[in-house]
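One structure below.
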Amino acid sequence: MSRGTGWIGDLLAAARPQAVAALLRHFRDLDRAEEAFQEACVRALRTWPEKGPPRNAAAWLIMVGRNAMIDAARRTKREAPLAREEAIPDAGTGQDATVARIDEADYRDDILRLLFVCCHPVLKPTDQVALSLRIVGGLSVGQIARAFLVGDSAMEQRITRAKRRIAQADVGYEVPGPVERAERIGAVAGVIYLVFNEGYTTGIAAEGARAALCEEAIRLGRLLQRLFPTEPEIMGLLALMLLQHARAGARFDDAGEVIPLDRQDRARWDGVRIAEGRALVDKAARHARPGGYQLQAAIAAQHARAQGTDWGRIAQLYAALEHLQPSPVVTLNRAVALLKAGQAEDAWGLVAPLASQLDGYFYFHGARGAILRALGRADEAREAFAQAISLANTAAEAAHMRDQLDAL
Amino acid sequence: MQYAILCYHDEKVVTSWTRAEDDAVLAKLAAVHEELKAQGRLGPVVRLLPTTTATTLKKDREPPLVVDGPFAETKEALLGFYIVDCADLEDALEVARALGRANPGGSYEVRPVGLFFPDERAS
């Protein structure tokens with residue numbers, strides 16, 4: 001094993017959605033499923049360093065997590081008159097044989113069921129996403145809080161409240177029928193994209209657990225598209241993730257610093273993923289029902305063009321997105337596109353009013369700095385870049401801003 | 001005689017390969033391709049994008065109907081094909097076996113070609 005000390009963490013993170021989903025099928029309770037997974041992780045950390053990883057990490061964690069909970073239940077019920085039959089462990093069953101019988105295909109349904117529970121309509125959309133990132137993605141409360149631009153304790157409360165609501169509501173742990181499926185598809189798509197984003201924004205090492213989040217999100221996107229083959233927004237979502245992930249190999253330099261799009265080595269982009277993403281954008285357009293994911297995918301397809309990026313077209317697509325889903329971040333992106341299309345004045349007109357909403361946002365100050373620089377307002381640009389540095393989430397982001405500052 | 005070797009596999013497995021796994025399979029296949037190429041009998045080789053990108057035109061009605069998705073929803077889908085010059089079926093099966101050793105899993109459907117129009121694209 002030459003993967004360094006993080007390899008167990010990577011394996012546990014990658015196996016998590018499958019393992020927690022299967023444990024939820026077994027226990028029908030989010031807290032117990034999570035607890036079983038945690039217990040299995042503890043045992044993995046104890047035994048894997050010595051014995052090496054099992055052939056199928058997810059199957060191992062499911063078996064061990066299940067047995068651990070059953071053992072615990074038996075211990076607490078020792079003085080109870082009768083143990084329920086299902087609480088008795090399969091003593092003597094060879095673990096390897098059982099593990100081998102667990103069908104990979106079952107995991108897919110398990111994950112979908114898990115997503116439907118986490119995205120249940122009794123929860124507010126923001127709580128659905130938070131719960132899914134915690135339960136399916138296994139992100140820490142702190143990481144989720146950062147993705148939502150809120151404090152840690154607020155997020156902790158939100159997740160606890162969401163779990164309680166699920167436990168209290170009669171959610172039903174079966175995958176719902178066709179009508180309800182269609183209703184929940186939007187929430188699930190949103191969750192998948194957030195899972196992707198969590199991997200994308202911090203995914204430096206190609207082999208790391210964060211990058212595995214992107215792969216997992218793409219897998220879930222494909223699964224969702226097979227279940228809903230005629231939904232253009234699902235095509236758009238899958239296309240968007242493929243097109244963004246296609247650039248993964250070119251986004252960071254050897255020192256781990258962010259390489260801006262215009263300076264990326266296009267030879268390191270994944271042409272097959274780009275082709276697939278573009279084909280899906282095309283397929284979705286036939287339905288003539290534009291949506292947020294489709295527009296963002298069309299923007300990503302523009303960025304992936306071999307002949308160079310058409311910033312004017314991108315600004316138009318952002319304007320369409322702004323119309324459909326007004327948000328200060330979309331407006332900010334439209335402004336950046338206008339700046340790159342050579343319309344710095346127009347860009348400034350869009351960005352200046354956003355200060356009150358985006359003041360705590362790294363990209364806002366980075367973009368503000370770039371626009372101010374283009375307008376020849378160097379002192380204000382310097383101040384904006386400095387503010388961006390103070391808000392940077394990663395060393396790479398800070399380093400990139402410092403370069404901007406030095407270039408002034 | 002020309003034979004088509006049609007590649008069927010569980011797409012969920014193939015699309016779950018990591019980039020490194022995918023590259024490793026392609027590298028092994030390249031060795032088999034090179035041998036066939038050296039013998040001057042390797043025709044077009046095509047790998048299709050996943051069936052999630054497929055659209056089907058049902059032309060058994062007028063006007064034809066355009067449907068999202070592949071023609072058939074099967075566990076093992078058509079993922080690509082080869083055209084290879086072979087002496088006979090046994091020879092074609094031998095080629096398929098060699099490809100299968102480089103890329104195990106799934107099935108190859110070996111089928112003689114009836115009509116073949118060569119590539120006449122401009123570039």
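Ordered as shown in the structure tokens, chains take letters A, B, and onward, while each chain numbers its residues from 1 and ligands are numbered from 1 in the order shown.
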
For chain A, which residues have at least one atom within 9 Å of chain B, if we go by only C-alpha atoms? Write them as a PyMOL selection string, please.
chain A and resi 105+215+219+222-223+225-226+229-230+235+272-273+275-277+279-280+283

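Shell of B:Tyr3 at 9 Å, with only C-alpha atoms counted and residues fewer than 2 places along the chain excluded, is Met1, Ile5, Tyr82, Ile83, Val84, Asp85, Cys86, Asp88, Leu89, Ala92, Val110, Arg111, Pro112, Val113 and Gly114 of chain B.
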
Once you have the residues from the selection above, write them out as a CSV table (one decimal), in the first residue's frame, restricted to C-alpha atoms.
chain,number,residue,atom,x,y,z
B,1,MET,CA,-15.4,-12.1,-45.8
B,5,ILE,CA,-18.1,-7.9,-34.1
B,82,TYR,CA,-15.5,-3.6,-35.2
B,83,ILE,CA,-15.4,-4.5,-38.8
B,84,VAL,CA,-12.7,-7.2,-39.5
B,85,ASP,CA,-11.7,-9.2,-42.6
B,86,CYS,CA,-11.9,-12.9,-41.6
B,88,ASP,CA,-14.4,-17.8,-41.9
B,89,LEU,CA,-16.6,-17.9,-38.8
B,92,ALA,CA,-13.8,-14.3,-36.7
B,110,VAL,CA,-20.2,-12.0,-34.5
B,111,ARG,CA,-22.1,-11.4,-37.6
B,112,PRO,CA,-21.1,-11.4,-41.3
B,113,VAL,CA,-21.4,-8.1,-43.2
B,114,GLY,CA,-23.8,-8.1,-46.2

Would you mind listing what lies within 9 Å of B:Arg101 as an MDAnalysis selection string, with only C-alpha atoms counted and same-chain residues fewer than 5 positions away left out?
chainID B and resid 28:29 96

Selection file, N, CA and C atoms, as a PDB file, in the first residue's frame:
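out_31.pdb was written with the following content:
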ATOM      1  N   LYS B  28      -4.786  -2.364 -23.474  1.00  0.00           N
ATOM      2  CA  LYS B  28      -4.743  -3.797 -23.792  1.00  0.00           C
ATOM      3  C   LYS B  28      -5.380  -4.077 -25.148  1.00  0.00           C
ATOM      4  N   LEU B  29      -6.486  -3.389 -25.419  1.00  0.00           N
ATOM      5  CA  LEU B  29      -7.144  -3.576 -26.717  1.00  0.00           C
ATOM      6  C   LEU B  29      -6.246  -3.092 -27.851  1.00  0.00           C
ATOM      7  N   ALA B  96     -12.504 -12.434 -32.001  1.00  0.00           N
ATOM      8  CA  ALA B  96     -13.363 -12.034 -30.883  1.00  0.00           C
ATOM      9  C   ALA B  96     -12.775 -12.534 -29.566  1.00  0.00           C
TER      10      ALA B  96
END

Please identify which residues in chain B DSSP calls strand (DSSP E or B) from the backbone, and express them as a PyMOL selection string.
chain B and resi 2-10+42-47+55-58+65-68+76-85+107-112

Taking the chain letters and numbering used in this document, name the residues of stretch 227-303 of chain A that DSSP puts in alpha helix (DSSP H), as an NGL selection string.
:A and (227 or 232-245 or 271-285 or 292-303)

Writer output for current selection, C-alpha atoms, as an mmCIF file, in the first residue's frame:
data_model
loop_
_atom_site.group_PDB
_atom_site.id
_atom_site.type_symbol
_atom_site.label_atom_id
_atom_site.label_comp_id
_atom_site.auth_asym_id
_atom_site.auth_seq_id
_atom_site.Cartn_x
_atom_site.Cartn_y
_atom_site.Cartn_z
ATOM 1 C CA LEU A 227 -35.372 6.180 -14.646
ATOM 2 C CA PRO A 232 -34.792 17.377 -20.475
ATOM 3 C CA GLU A 233 -33.667 18.835 -17.150
ATOM 4 C CA ILE A 234 -32.170 15.514 -16.099
ATOM 5 C CA MET A 235 -30.321 15.395 -19.438
ATOM 6 C CA GLY A 236 -29.195 18.945 -18.714
ATOM 7 C CA LEU A 237 -28.023 18.032 -15.216
ATOM 8 C CA LEU A 238 -26.024 15.045 -16.447
ATOM 9 C CA ALA A 239 -24.590 17.098 -19.315
ATOM 10 C CA LEU A 240 -23.603 19.893 -16.946
ATOM 11 C CA MET A 241 -21.760 17.549 -14.607
ATOM 12 C CA LEU A 242 -20.003 15.739 -17.478
ATOM 13 C CA LEU A 243 -18.887 18.983 -19.103
ATOM 14 C CA GLN A 244 -17.558 20.407 -15.850
ATOM 15 C CA HIS A 245 -15.884 17.198 -14.784
ATOM 16 C CA GLY A 271 -12.911 14.789 -25.026
ATOM 17 C CA VAL A 272 -15.221 11.795 -24.569
ATOM 18 C CA ARG A 273 -16.980 13.367 -21.590
ATOM 19 C CA ILE A 274 -17.300 16.643 -23.500
ATOM 20 C CA ALA A 275 -18.835 14.799 -26.462
ATOM 21 C CA GLU A 276 -21.273 13.027 -24.160
ATOM 22 C CA GLY A 277 -22.225 16.250 -22.399
ATOM 23 C CA ARG A 278 -22.741 18.043 -25.671
ATOM 24 C CA ALA A 279 -24.861 15.195 -27.053
ATOM 25 C CA LEU A 280 -27.110 15.478 -23.994
ATOM 26 C CA VAL A 281 -27.436 19.267 -24.323
ATOM 27 C CA ASP A 282 -28.483 18.650 -27.907
ATOM 28 C CA LYS A 283 -30.938 15.924 -26.964
ATOM 29 C CA ALA A 284 -32.529 18.079 -24.282
ATOM 30 C CA ALA A 285 -32.925 21.048 -26.648
ATOM 31 C CA GLY A 292 -31.693 25.854 -15.285
ATOM 32 C CA TYR A 293 -29.545 22.790 -15.770
ATOM 33 C CA GLN A 294 -29.936 22.876 -19.538
ATOM 34 C CA LEU A 295 -28.859 26.530 -19.661
ATOM 35 C CA GLN A 296 -25.901 25.940 -17.370
ATOM 36 C CA ALA A 297 -24.921 22.917 -19.462
ATOM 37 C CA ALA A 298 -25.147 25.029 -22.619
ATOM 38 C CA ILE A 299 -22.819 27.526 -20.913
ATOM 39 C CA ALA A 300 -20.411 24.744 -19.960
ATOM 40 C CA ALA A 301 -20.549 23.458 -23.558
ATOM 41 C CA GLN A 302 -19.553 26.931 -24.737
ATOM 42 C CA HIS A 303 -16.576 26.848 -22.373
#

Close residues, B:Arg97 itself excluded, 12 Å, only C-alpha atoms, min 2 positions apart in chain, as a JSON list (two decimals) with all heavy atoms, in the first residue's frame:
[["chain", "number", "residue", "atom", "x", "y", "z"],
["B", 5, "ILE", "N", -18.11, -7.37, -35.46],
["B", 5, "ILE", "CA", -18.05, -7.87, -34.08],
["B", 5, "ILE", "C", -18.73, -6.81, -33.22],
["B", 5, "ILE", "O", -18.20, -5.72, -33.02],
["B", 5, "ILE", "CB", -16.60, -8.12, -33.64],
["B", 5, "ILE", "CG1", -15.98, -9.20, -34.55],
["B", 5, "ILE", "CG2", -16.55, -8.56, -32.17],
["B", 5, "ILE", "CD1", -14.52, -9.48, -34.27],
["B", 29, "LEU", "N", -6.49, -3.39, -25.42],
["B", 29, "LEU", "CA", -7.14, -3.58, -26.72],
["B", 29, "LEU", "C", -6.25, -3.09, -27.85],
["B", 29, "LEU", "O", -6.21, -3.69, -28.93],
["B", 29, "LEU", "CB", -8.47, -2.81, -26.74],
["B", 29, "LEU", "CG", -9.64, -3.47, -26.00],
["B", 29, "LEU", "CD1", -10.83, -2.52, -25.94],
["B", 29, "LEU", "CD2", -10.05, -4.78, -26.67],
["B", 32, "VAL", "N", -4.16, -5.70, -29.47],
["B", 32, "VAL", "CA", -4.89, -6.58, -30.41],
["B", 32, "VAL", "C", -5.17, -5.83, -31.71],
["B", 32, "VAL", "O", -5.01, -6.39, -32.80],
["B", 32, "VAL", "CB", -6.21, -7.06, -29.76],
["B", 32, "VAL", "CG1", -6.92, -8.05, -30.68],
["B", 32, "VAL", "CG2", -5.95, -7.69, -28.41],
["B", 90, "GLU", "N", -14.84, -19.32, -37.85],
["B", 90, "GLU", "CA", -13.89, -19.72, -36.81],
["B", 90, "GLU", "C", -12.80, -18.66, -36.63],
["B", 90, "GLU", "O", -12.42, -18.31, -35.52],
["B", 90, "GLU", "CB", -13.27, -21.08, -37.15],
["B", 90, "GLU", "CG", -12.55, -21.75, -35.99],
["B", 90, "GLU", "CD", -13.29, -21.63, -34.65],
["B", 90, "GLU", "OE1", -14.49, -22.01, -34.57],
["B", 90, "GLU", "OE2", -12.69, -21.12, -33.69],
["B", 91, "ASP", "N", -12.35, -18.12, -37.76],
["B", 91, "ASP", "CA", -11.36, -17.05, -37.74],
["B", 91, "ASP", "C", -11.93, -15.82, -37.01],
["B", 91, "ASP", "O", -11.26, -15.21, -36.16],
["B", 91, "ASP", "CB", -10.97, -16.71, -39.18],
["B", 91, "ASP", "CG", -9.83, -15.70, -39.25],
["B", 91, "ASP", "OD1", -9.04, -15.63, -38.28],
["B", 91, "ASP", "OD2", -9.72, -14.99, -40.27],
["B", 92, "ALA", "N", -13.16, -15.47, -37.32],
["B", 92, "ALA", "CA", -13.80, -14.30, -36.69],
["B", 92, "ALA", "C", -13.94, -14.53, -35.19],
["B", 92, "ALA", "O", -13.72, -13.60, -34.38],
["B", 92, "ALA", "CB", -15.17, -14.03, -37.32],
["B", 93, "LEU", "N", -14.31, -15.74, -34.81],
["B", 93, "LEU", "CA", -14.44, -16.05, -33.39],
["B", 93, "LEU", "C", -13.08, -15.96, -32.69],
["B", 93, "LEU", "O", -12.99, -15.55, -31.54],
["B", 93, "LEU", "CB", -15.03, -17.45, -33.20],
["B", 93, "LEU", "CG", -16.55, -17.55, -33.47],
["B", 93, "LEU", "CD1", -17.00, -19.01, -33.50],
["B", 93, "LEU", "CD2", -17.35, -16.77, -32.43],
["B", 94, "GLU", "N", -12.03, -16.32, -33.42],
["B", 94, "GLU", "CA", -10.67, -16.24, -32.86],
["B", 94, "GLU", "C", -10.33, -14.77, -32.57],
["B", 94, "GLU", "O", -9.76, -14.46, -31.51],
["B", 94, "GLU", "CB", -9.68, -16.86, -33.85],
["B", 94, "GLU", "CG", -8.44, -17.45, -33.21],
["B", 94, "GLU", "CD", -8.71, -18.16, -31.89],
["B", 94, "GLU", "OE1", -9.43, -19.19, -31.86],
["B", 94, "GLU", "OE2", -8.22, -17.65, -30.87],
["B", 95, "VAL", "N", -10.66, -13.89, -33.51],
["B", 95, "VAL", "CA", -10.44, -12.46, -33.29],
["B", 95, "VAL", "C", -11.24, -12.00, -32.07],
["B", 95, "VAL", "O", -10.74, -11.27, -31.20],
["B", 95, "VAL", "CB", -10.84, -11.64, -34.55],
["B", 95, "VAL", "CG1", -10.80, -10.14, -34.24],
["B", 95, "VAL", "CG2", -9.91, -11.97, -35.71],
["B", 99, "LEU", "N", -9.92, -10.25, -28.57],
["B", 99, "LEU", "CA", -10.45, -8.99, -28.03],
["B", 99, "LEU", "C", -11.02, -9.22, -26.63],
["B", 99, "LEU", "O", -10.86, -8.39, -25.74],
["B", 99, "LEU", "CB", -11.54, -8.44, -28.96],
["B", 99, "LEU", "CG", -11.07, -7.91, -30.33],
["B", 99, "LEU", "CD1", -12.26, -7.72, -31.26],
["B", 99, "LEU", "CD2", -10.31, -6.59, -30.17],
["B", 100, "GLY", "N", -11.67, -10.37, -26.47],
["B", 100, "GLY", "CA", -12.30, -10.68, -25.18],
["B", 100, "GLY", "C", -11.27, -10.88, -24.07],
["B", 100, "GLY", "O", -11.54, -10.56, -22.91],
["B", 101, "ARG", "N", -10.09, -11.41, -24.44],
["B", 101, "ARG", "CA", -9.04, -11.57, -23.42],
["B", 101, "ARG", "C", -8.55, -10.20, -22.96],
["B", 101, "ARG", "O", -8.23, -10.00, -21.79],
["B", 101, "ARG", "CB", -7.88, -12.39, -23.99],
["B", 101, "ARG", "CG", -8.12, -13.91, -23.95],
["B", 101, "ARG", "CD", -6.85, -14.69, -24.27],
["B", 101, "ARG", "NE", -6.43, -14.51, -25.66],
["B", 101, "ARG", "CZ", -6.89, -15.25, -26.70],
["B", 101, "ARG", "NH1", -7.80, -16.19, -26.50],
["B", 101, "ARG", "NH2", -6.47, -15.03, -27.92],
["B", 102, "ALA", "N", -8.51, -9.24, -23.89],
["B", 102, "ALA", "CA", -8.07, -7.89, -23.54],
["B", 102, "ALA", "C", -9.15, -7.13, -22.76],
["B", 102, "ALA", "O", -8.86, -6.26, -21.95],
["B", 102, "ALA", "CB", -7.70, -7.11, -24.80],
["B", 103, "ASN", "N", -10.41, -7.47, -23.00],
["B", 103, "ASN", "CA", -11.52, -6.73, -22.42],
["B", 103, "ASN", "C", -12.61, -7.70, -21.99],
["B", 103, "ASN", "O", -13.63, -7.85, -22.67],
["B", 103, "ASN", "CB", -12.06, -5.71, -23.45],
["B", 103, "ASN", "CG", -13.20, -4.88, -22.91],
["B", 103, "ASN", "OD1", -13.45, -4.84, -21.70],
["B", 103, "ASN", "ND2", -13.92, -4.22, -23.79],
["B", 104, "PRO", "N", -12.40, -8.40, -20.87],
["B", 104, "PRO", "CA", -13.38, -9.42, -20.46],
["B", 104, "PRO", "C", -14.70, -8.80, -19.99],
["B", 104, "PRO", "O", -14.75, -7.62, -19.69],
["B", 104, "PRO", "CB", -12.67, -10.13, -19.29],
["B", 104, "PRO", "CG", -11.39, -9.42, -19.04],
["B", 104, "PRO", "CD", -11.32, -8.22, -19.93],
["B", 105, "GLY", "N", -15.71, -9.64, -19.91],
["B", 105, "GLY", "CA", -17.04, -9.17, -19.49],
["B", 105, "GLY", "C", -17.91, -8.87, -20.68],
["B", 105, "GLY", "O", -17.42, -8.37, -21.69],
["B", 107, "SER", "N", -20.53, -9.60, -23.96],
["B", 107, "SER", "CA", -20.56, -10.54, -25.09],
["B", 107, "SER", "C", -20.20, -9.83, -26.39],
["B", 107, "SER", "O", -20.41, -8.63, -26.53],
["B", 107, "SER", "CB", -21.97, -11.13, -25.25],
["B", 107, "SER", "OG", -22.42, -11.69, -24.05],
["B", 108, "TYR", "N", -19.67, -10.61, -27.32],
["B", 108, "TYR", "CA", -19.49, -10.13, -28.69],
["B", 108, "TYR", "C", -20.45, -10.90, -29.58],
["B", 108, "TYR", "O", -20.47, -12.13, -29.53],
["B", 108, "TYR", "CB", -18.06, -10.40, -29.19],
["B", 108, "TYR", "CG", -17.01, -9.50, -28.59],
["B", 108, "TYR", "CD1", -15.83, -10.04, -28.09],
["B", 108, "TYR", "CD2", -17.17, -8.12, -28.58],
["B", 108, "TYR", "CE1", -14.85, -9.23, -27.54],
["B", 108, "TYR", "CE2", -16.19, -7.30, -28.04],
["B", 108, "TYR", "CZ", -15.03, -7.86, -27.52],
["B", 108, "TYR", "OH", -14.07, -7.06, -26.99],
["B", 109, "GLU", "N", -21.23, -10.19, -30.36],
["B", 109, "GLU", "CA", -22.05, -10.85, -31.37],
["B", 109, "GLU", "C", -21.27, -10.78, -32.67],
["B", 109, "GLU", "O", -20.93, -9.69, -33.15],
["B", 109, "GLU", "CB", -23.40, -10.14, -31.51],
["B", 109, "GLU", "CG", -24.29, -10.74, -32.59],
["B", 109, "GLU", "CD", -25.65, -10.04, -32.68],
["B", 109, "GLU", "OE1", -26.20, -9.65, -31.63],
["B", 109, "GLU", "OE2", -26.14, -9.87, -33.81],
["B", 110, "VAL", "N", -20.94, -11.96, -33.23],
["B", 110, "VAL", "CA", -20.16, -12.03, -34.46],
["B", 110, "VAL", "C", -21.13, -12.24, -35.62],
["B", 110, "VAL", "O", -21.90, -13.21, -35.62],
["B", 110, "VAL", "CB", -19.14, -13.19, -34.39],
["B", 110, "VAL", "CG1", -18.39, -13.32, -35.71],
["B", 110, "VAL", "CG2", -18.16, -12.94, -33.25]]

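Across the structure, atom CA of B:Thr74 and atom CA of B:Glu11 are spaced 9.6 Å apart.
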
Stretch 182-198 of chain A environment, 6 Å, only C-alpha atoms, sequence neighbours closer than 3 positions dropped, as an MDAnalysis selection string
chainID A and resid 119 129 179 201 213:214 217

Can those selected residues be exported to a file as a tab-separated table (two decimals), in the first residue's frame so that it contains N, CA and C atoms?
chain	number	residue	atom	x	y	z
A	119	CYS	N	-34.85	13.54	0.33
A	119	CYS	CA	-35.49	14.62	-0.43
A	119	CYS	C	-36.99	14.57	-0.24
A	129	VAL	N	-31.47	19.18	0.84
A	129	VAL	CA	-30.10	19.20	0.34
A	129	VAL	C	-29.10	18.97	1.48
A	179	VAL	N	-45.93	8.61	-10.12
A	179	VAL	CA	-46.38	10.00	-9.98
A	179	VAL	C	-45.55	10.74	-8.95
A	201	THR	N	-15.70	21.81	-6.32
A	201	THR	CA	-15.06	23.02	-5.84
A	201	THR	C	-13.81	22.72	-5.01
A	213	LEU	N	-16.76	12.19	-5.19
A	213	LEU	CA	-18.10	12.77	-5.09
A	213	LEU	C	-18.61	13.15	-6.48
A	214	CYS	N	-17.74	13.71	-7.30
A	214	CYS	CA	-18.14	14.08	-8.67
A	214	CYS	C	-18.54	12.83	-9.44
A	217	ALA	N	-21.82	11.59	-8.18
A	217	ALA	CA	-22.92	12.44	-8.65
A	217	ALA	C	-23.25	12.14	-10.11

Please identify all polymer residues within 12 Å of A:Lys340, counting only C-alpha atoms, omitting same-chain residues fewer than 3 positions from it, and present them as a PyMOL selection string.
chain A and resi 261-262+309-315+333-337+343-347+367+370-371+374

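Taking atom CA of A:Gly199 and atom CA of A:Arg368 as the two end points, the separation is 25.8 Å.
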
Quick one: residues within 8 Å of B:Leu78, only C-alpha atoms, excluding same-chain residues fewer than 6 positions away - as a PyMOL selection string?
chain B and resi 6-9
